[in-house]
file work-v4.cif (mmCIF, C-alpha atoms, pLDDT in the B column; chains and numbers go by the auth columns)
data_data
#
loop_
_atom_site.group_PDB
_atom_site.id
_atom_site.type_symbol
_atom_site.label_atom_id
_atom_site.label_comp_id
_atom_site.label_asym_id
_atom_site.label_seq_id
_atom_site.Cartn_x
_atom_site.Cartn_y
_atom_site.Cartn_z
_atom_site.B_iso_or_equiv
_atom_site.auth_seq_id
_atom_site.auth_asym_id
ATOM 1 C CA MET A 1 101.486 89.548 -135.539 39.00 1 A
ATOM 2 C CA GLU A 2 101.454 86.910 -132.866 43.00 2 A
ATOM 3 C CA ALA A 3 98.588 86.771 -130.419 44.00 3 A
ATOM 4 C CA THR A 4 99.528 87.025 -126.776 44.00 4 A
ATOM 5 C CA SER A 5 97.507 86.939 -123.605 46.00 5 A
ATOM 6 C CA MET A 6 99.192 90.029 -122.193 48.00 6 A
ATOM 7 C CA PRO A 7 97.100 93.197 -121.866 46.00 7 A
ATOM 8 C CA VAL A 8 97.889 96.059 -124.206 46.00 8 A
ATOM 9 C CA PRO A 9 100.094 98.316 -122.071 44.00 9 A
ATOM 10 C CA SER A 10 98.917 101.885 -121.813 38.00 10 A
ATOM 11 C CA GLY A 11 100.181 105.153 -120.482 40.00 11 A
ATOM 12 C CA GLN A 12 96.990 105.266 -118.449 44.00 12 A
ATOM 13 C CA HIS A 13 97.460 102.230 -116.177 42.00 13 A
ATOM 14 C CA MET A 14 96.624 99.519 -118.708 62.00 14 A
ATOM 15 C CA HIS A 15 93.007 100.541 -119.051 79.00 15 A
ATOM 16 C CA LEU A 16 92.843 99.448 -122.697 87.00 16 A
ATOM 17 C CA ARG A 17 92.682 95.752 -123.610 87.00 17 A
ATOM 18 C CA ARG A 18 92.166 93.683 -126.730 89.00 18 A
ATOM 19 C CA LEU A 19 88.686 92.214 -126.852 88.00 19 A
ATOM 20 C CA ARG A 20 90.115 88.733 -127.421 88.00 20 A
ATOM 21 C CA ASP A 21 91.881 88.989 -124.034 86.00 21 A
ATOM 22 C CA LEU A 22 88.637 89.733 -122.192 84.00 22 A
ATOM 23 C CA THR A 23 87.254 86.215 -122.159 80.00 23 A
ATOM 24 C CA GLU A 24 84.125 87.178 -120.234 79.00 24 A
ATOM 25 C CA PHE A 25 83.178 89.915 -122.733 79.00 25 A
ATOM 26 C CA GLU A 26 81.962 89.949 -126.308 78.00 26 A
ATOM 27 C CA VAL A 27 80.546 92.420 -128.820 80.00 27 A
ATOM 28 C CA ALA A 28 77.215 93.800 -127.589 77.00 28 A
ATOM 29 C CA ASP A 29 74.046 92.064 -128.766 76.00 29 A
ATOM 30 C CA GLY A 30 72.723 93.654 -131.928 76.00 30 A
ATOM 31 C CA ASN A 31 76.112 95.050 -132.954 81.00 31 A
ATOM 32 C CA PRO A 32 78.171 93.256 -135.587 87.00 32 A
ATOM 33 C CA ASP A 33 81.637 91.957 -134.767 90.00 33 A
ATOM 34 C CA VAL A 34 83.653 93.844 -137.385 94.00 34 A
ATOM 35 C CA ARG A 35 86.892 91.892 -136.950 95.00 35 A
ATOM 36 C CA GLY A 36 87.946 90.692 -140.385 96.00 36 A
ATOM 37 C CA TRP A 37 85.958 93.366 -142.216 96.00 37 A
ATOM 38 C CA SER A 38 87.571 95.425 -144.989 97.00 38 A
ATOM 39 C CA VAL A 39 88.581 98.997 -144.124 97.00 39 A
ATOM 40 C CA ARG A 40 88.185 101.592 -146.862 96.00 40 A
ATOM 41 C CA GLY A 41 89.172 105.229 -147.003 95.00 41 A
ATOM 42 C CA GLY A 42 87.291 108.285 -148.203 92.00 42 A
ATOM 43 C CA ASP A 43 88.404 107.383 -151.743 93.00 43 A
ATOM 44 C CA GLY A 44 86.570 104.029 -151.448 93.00 44 A
ATOM 45 C CA LYS A 45 89.799 102.048 -151.780 95.00 45 A
ATOM 46 C CA LYS A 46 90.578 99.241 -149.366 96.00 46 A
ATOM 47 C CA PHE A 47 93.668 99.793 -147.242 97.00 47 A
ATOM 48 C CA GLY A 48 93.312 97.046 -144.630 97.00 48 A
ATOM 49 C CA ASP A 49 91.177 94.797 -142.453 98.00 49 A
ATOM 50 C CA VAL A 50 89.952 95.148 -138.881 97.00 50 A
ATOM 51 C CA TYR A 51 92.291 92.906 -136.913 96.00 51 A
ATOM 52 C CA GLU A 52 91.092 93.526 -133.345 95.00 52 A
ATOM 53 C CA LEU A 53 88.924 95.752 -131.155 93.00 53 A
ATOM 54 C CA ILE A 54 90.581 97.669 -128.318 93.00 54 A
ATOM 55 C CA VAL A 55 88.279 98.117 -125.314 90.00 55 A
ATOM 56 C CA GLU A 56 88.360 100.555 -122.411 88.00 56 A
ATOM 57 C CA VAL A 57 87.839 98.138 -119.541 85.00 57 A
ATOM 58 C CA GLU A 58 86.189 100.580 -117.089 85.00 58 A
ATOM 59 C CA THR A 59 83.396 101.551 -119.485 85.00 59 A
ATOM 60 C CA LEU A 60 83.296 98.317 -121.530 83.00 60 A
ATOM 61 C CA LYS A 61 83.342 100.395 -124.706 87.00 61 A
ATOM 62 C CA VAL A 62 85.343 99.827 -127.852 90.00 62 A
ATOM 63 C CA ARG A 63 87.663 102.806 -128.239 92.00 63 A
ATOM 64 C CA TYR A 64 89.868 101.700 -131.148 94.00 64 A
ATOM 65 C CA LEU A 65 89.876 99.526 -134.227 95.00 65 A
ATOM 66 C CA ASP A 66 93.228 97.780 -134.707 96.00 66 A
ATOM 67 C CA VAL A 67 93.610 97.758 -138.491 97.00 67 A
ATOM 68 C CA GLU A 68 96.127 95.565 -140.264 96.00 68 A
ATOM 69 C CA LEU A 69 97.222 97.388 -143.406 97.00 69 A
ATOM 70 C CA ASP A 70 97.065 95.503 -146.680 95.00 70 A
ATOM 71 C CA ALA A 71 100.318 93.796 -147.718 93.00 71 A
ATOM 72 C CA SER A 72 100.020 95.485 -151.131 93.00 72 A
ATOM 73 C CA LEU A 73 100.907 98.790 -149.437 93.00 73 A
ATOM 74 C CA GLN A 74 104.406 97.365 -148.884 92.00 74 A
ATOM 75 C CA VAL A 75 104.655 98.554 -145.288 91.00 75 A
ATOM 76 C CA ASN A 76 107.173 96.588 -143.236 90.00 76 A
ATOM 77 C CA LYS A 77 105.593 93.973 -141.006 88.00 77 A
ATOM 78 C CA TRP A 78 106.445 95.878 -137.783 88.00 78 A
ATOM 79 C CA GLU A 79 104.519 98.957 -138.944 90.00 79 A
ATOM 80 C CA ARG A 80 101.575 97.232 -140.595 94.00 80 A
ATOM 81 C CA HIS A 81 99.037 97.974 -137.820 94.00 81 A
ATOM 82 C CA ILE A 82 97.320 101.266 -137.037 95.00 82 A
ATOM 83 C CA LEU A 83 94.703 102.187 -134.439 95.00 83 A
ATOM 84 C CA LEU A 84 91.644 104.181 -135.414 95.00 84 A
ATOM 85 C CA PRO A 85 89.349 105.849 -132.893 94.00 85 A
ATOM 86 C CA ILE A 86 85.987 104.136 -133.346 93.00 86 A
ATOM 87 C CA GLY A 87 84.084 107.386 -133.883 91.00 87 A
ATOM 88 C CA VAL A 88 86.011 108.299 -137.050 93.00 88 A
ATOM 89 C CA ALA A 89 84.712 105.221 -138.867 94.00 89 A
ATOM 90 C CA ALA A 90 81.298 104.004 -140.015 91.00 90 A
ATOM 91 C CA ILE A 91 80.087 100.584 -141.066 92.00 91 A
ATOM 92 C CA ASP A 92 78.377 99.219 -144.147 86.00 92 A
ATOM 93 C CA GLU A 93 76.893 96.056 -142.727 81.00 93 A
ATOM 94 C CA ASP A 94 75.587 94.800 -146.059 82.00 94 A
ATOM 95 C CA ALA A 95 79.067 94.567 -147.560 88.00 95 A
ATOM 96 C CA ASP A 96 81.109 94.004 -144.356 91.00 96 A
ATOM 97 C CA ASN A 97 83.050 97.244 -144.834 94.00 97 A
ATOM 98 C CA VAL A 98 84.304 99.860 -142.409 95.00 98 A
ATOM 99 C CA PHE A 99 84.708 103.329 -143.920 94.00 99 A
ATOM 100 C CA VAL A 100 87.133 105.971 -142.675 94.00 100 A
ATOM 101 C CA PRO A 101 86.330 109.161 -144.626 92.00 101 A
ATOM 102 C CA SER A 102 89.315 111.085 -143.210 92.00 102 A
ATOM 103 C CA LEU A 103 91.916 108.671 -144.674 94.00 103 A
ATOM 104 C CA THR A 104 92.745 107.554 -148.197 93.00 104 A
ATOM 105 C CA LEU A 105 94.985 104.879 -149.662 91.00 105 A
ATOM 106 C CA GLU A 106 97.788 107.480 -149.827 91.00 106 A
ATOM 107 C CA THR A 107 97.293 109.284 -146.488 93.00 107 A
ATOM 108 C CA VAL A 108 97.101 106.065 -144.476 94.00 108 A
ATOM 109 C CA LEU A 109 100.807 105.606 -145.216 92.00 109 A
ATOM 110 C CA GLU A 110 101.506 108.797 -143.196 92.00 110 A
ATOM 111 C CA TYR A 111 99.458 107.597 -140.219 94.00 111 A
ATOM 112 C CA PRO A 112 101.395 106.665 -137.058 93.00 112 A
ATOM 113 C CA PRO A 113 101.931 102.894 -136.859 93.00 113 A
ATOM 114 C CA TYR A 114 100.787 100.956 -133.820 91.00 114 A
ATOM 115 C CA THR A 115 102.816 98.335 -131.993 82.00 115 A
ATOM 116 C CA GLU A 116 101.110 96.167 -129.416 76.00 116 A
ATOM 117 C CA ILE A 117 103.579 97.134 -126.739 68.00 117 A
ATOM 118 C CA GLN A 118 102.173 100.566 -125.977 70.00 118 A
ATOM 119 C CA ILE A 119 99.252 102.926 -126.233 85.00 119 A
ATOM 120 C CA THR A 120 100.480 106.121 -124.671 86.00 120 A
ATOM 121 C CA ARG A 121 98.626 109.402 -124.446 86.00 121 A
ATOM 122 C CA GLU A 122 101.247 110.821 -126.831 88.00 122 A
ATOM 123 C CA TYR A 123 100.383 108.133 -129.383 89.00 123 A
ATOM 124 C CA GLU A 124 96.652 108.804 -128.950 90.00 124 A
ATOM 125 C CA GLU A 125 97.251 112.508 -129.544 90.00 125 A
ATOM 126 C CA ALA A 126 99.398 111.760 -132.619 91.00 126 A
ATOM 127 C CA MET A 127 96.496 109.729 -134.061 91.00 127 A
ATOM 128 C CA LEU A 128 94.066 112.606 -133.509 91.00 128 A
ATOM 129 C CA ARG A 129 96.471 115.074 -135.130 91.00 129 A
ATOM 130 C CA SER A 130 96.894 112.745 -138.148 91.00 130 A
ATOM 131 C CA LEU A 131 93.120 112.705 -138.535 91.00 131 A
ATOM 132 C CA LYS A 132 93.062 116.519 -138.151 89.00 132 A
ATOM 133 C CA LEU A 133 90.904 116.266 -135.014 88.00 133 A
ATOM 134 C CA ALA A 134 91.042 118.540 -131.989 85.00 134 A
ATOM 135 C CA LEU A 135 92.794 117.300 -128.883 84.00 135 A
ATOM 136 C CA PRO A 136 90.595 117.165 -125.776 79.00 136 A
ATOM 137 C CA GLU A 137 91.068 119.852 -123.176 74.00 137 A
ATOM 138 C CA GLN A 138 93.098 118.698 -120.182 67.00 138 A
ATOM 139 C CA ALA A 139 90.506 119.942 -117.672 57.00 139 A
ATOM 140 C CA SER A 140 87.593 118.147 -119.324 58.00 140 A
ATOM 141 C CA GLY A 141 86.307 114.716 -118.205 65.00 141 A
ATOM 142 C CA SER A 142 87.591 111.511 -119.713 79.00 142 A
ATOM 143 C CA PHE A 143 89.926 111.664 -122.719 84.00 143 A
ATOM 144 C CA TYR A 144 87.370 109.520 -124.539 86.00 144 A
ATOM 145 C CA ASP A 145 84.417 111.899 -123.979 85.00 145 A
ATOM 146 C CA GLN A 146 84.640 113.309 -127.484 84.00 146 A
ATOM 147 C CA PRO A 147 82.995 112.503 -130.831 85.00 147 A
ATOM 148 C CA SER A 148 85.993 110.632 -132.234 87.00 148 A
ATOM 149 C CA TYR A 149 85.522 107.958 -129.534 87.00 149 A
ATOM 150 C CA ASN A 150 81.734 107.767 -129.685 84.00 150 A
ATOM 151 C CA ASP A 151 80.734 104.258 -130.761 83.00 151 A
ATOM 152 C CA GLU A 152 77.234 105.519 -131.594 80.00 152 A
ATOM 153 C CA GLN A 153 78.827 107.359 -134.532 74.00 153 A
ATOM 154 C CA PHE A 154 80.300 104.063 -135.707 82.00 154 A
ATOM 155 C CA TYR A 155 76.988 102.204 -135.696 76.00 155 A
ATOM 156 C CA ALA A 156 74.840 105.191 -136.823 71.00 156 A
ATOM 157 C CA ASN A 157 74.692 104.244 -140.507 59.00 157 A
ATOM 158 C CA ARG A 158 73.351 100.765 -139.893 55.00 158 A
ATOM 159 C CA ARG A 159 70.150 99.832 -141.616 43.00 159 A
ATOM 160 C CA PRO A 160 67.213 99.103 -139.286 43.00 160 A
ATOM 161 C CA ARG A 161 66.393 95.415 -139.010 43.00 161 A
#

call {"tool": "encode", "arguments": {"input": "work-v4.cif", "output": "structure tokens"}}
result
Amino acid sequence: MEATSMPVPSGQHMHLRRLRDLTEFEVADGNPDVRGWSVRGGDGKKFGDVYELIVEVETLKVRYLDVELDASLQVNKWERHILLPIGVAAIDEDADNVFVPSLTLETVLEYPPYTEIQITREYEEAMLRSLKLALPEQASGSFYDQPSYNDEQFYANRRPR
């Protein structure tokens, strides 16, 4: 996938951007930059690598991991990326792995593919349904005020330094 300097369009007024496009921002001190790390499912098998971090600009929080699926899965190149809400994954810093217990090597093939041209609310809801997670109530606060978007979950399994 070619890198561009355009923001990731969104159904919510382009509030989500790739970290690489936010030149004045970087991963928070003390947190590892997981781009390039292996992504493994609940079965322990690798199904891809973290390609990019998608950030909600207003809160400066990572909301999604852009995962490039492994070529061995034989997914066509236009459907090789998926987005994962950051709170559904956990890291193993010692081995540079990201674990997604709710997916396996087989079920990841049923996950909705991500194209860099859009992140609509419908796509976000399709991701949550694929992960068998509840959709947020319309009347509640921000769409991202739910456990599946909580970055503290992602970093919770880190070993103390």

call {"tool": "atom_distance", "arguments": {"input": "work-v4.cif", "atom1": "CA of Pro147 (chain A)", "atom2": "CA of Lys45 (chain A)"}}
result
24.4 Å

call {"tool": "resolve_selection", "arguments": {"input": "work-v4.cif", "expression": "the PyMOL selection byres ((chain A and resi 52-64) around 8)", "output": "ChimeraX atom specification"}}
result
/A:15-20,35,50-51,65-67,83-86,144,149-151

call {"tool": "residues_around", "arguments": {"input": "work-v4.cif", "residues": "region 106-110 of chain A", "least_positions_apart": "3", "cutoff": "9 Å", "atoms": "only C-alpha atoms", "output": "count of residues only"}}
result
10

call {"tool": "closest_residue", "arguments": {"input": "work-v4.cif", "among": "A:Tyr111, A:Phe25, A:Phe99, A:Trp37", "to": "Lys132 (chain A)", "atoms": "all atoms listed in the file"}}
result
A:Tyr111

call {"tool": "atom_distance", "arguments": {"input": "work-v4.cif", "atom1": "CA of Leu128 (chain A)", "atom2": "CA of Asp94 (chain A)"}}
result
28.6 Å

call {"tool": "resolve_selection", "arguments": {"input": "work-v4.cif", "expression": "the PyMOL selection byres ((chain A and resi 96) around 12)", "output": "ChimeraX atom specification"}}
result
/A:32-40,46,49-50,90-95,97-99,158

call {"tool": "atom_distance", "arguments": {"input": "work-v4.cif", "atom1": "CA of Glu152 (chain A)", "atom2": "CA of Gly87 (chain A)"}}
result
7.5 Å

call {"tool": "axis_aligned_box", "arguments": {"input": "work-v4.cif", "around": "region 126-134 of chain A", "padding_each_side": "5 Å", "output": "AutoDock Vina command-line options"}}
result
--center_x 95.2 --center_y 114.1 --center_z -135.3 --size_x 18.5 --size_y 18.8 --size_z 16.5

call {"tool": "resolve_selection", "arguments": {"input": "work-v4.cif", "expression": "the PyMOL selection byres ((chain A and resi 136) around 12)", "output": "PyMOL selection string"}}
result
chain A and resi 121+124-125+128-129+133-135+137-149
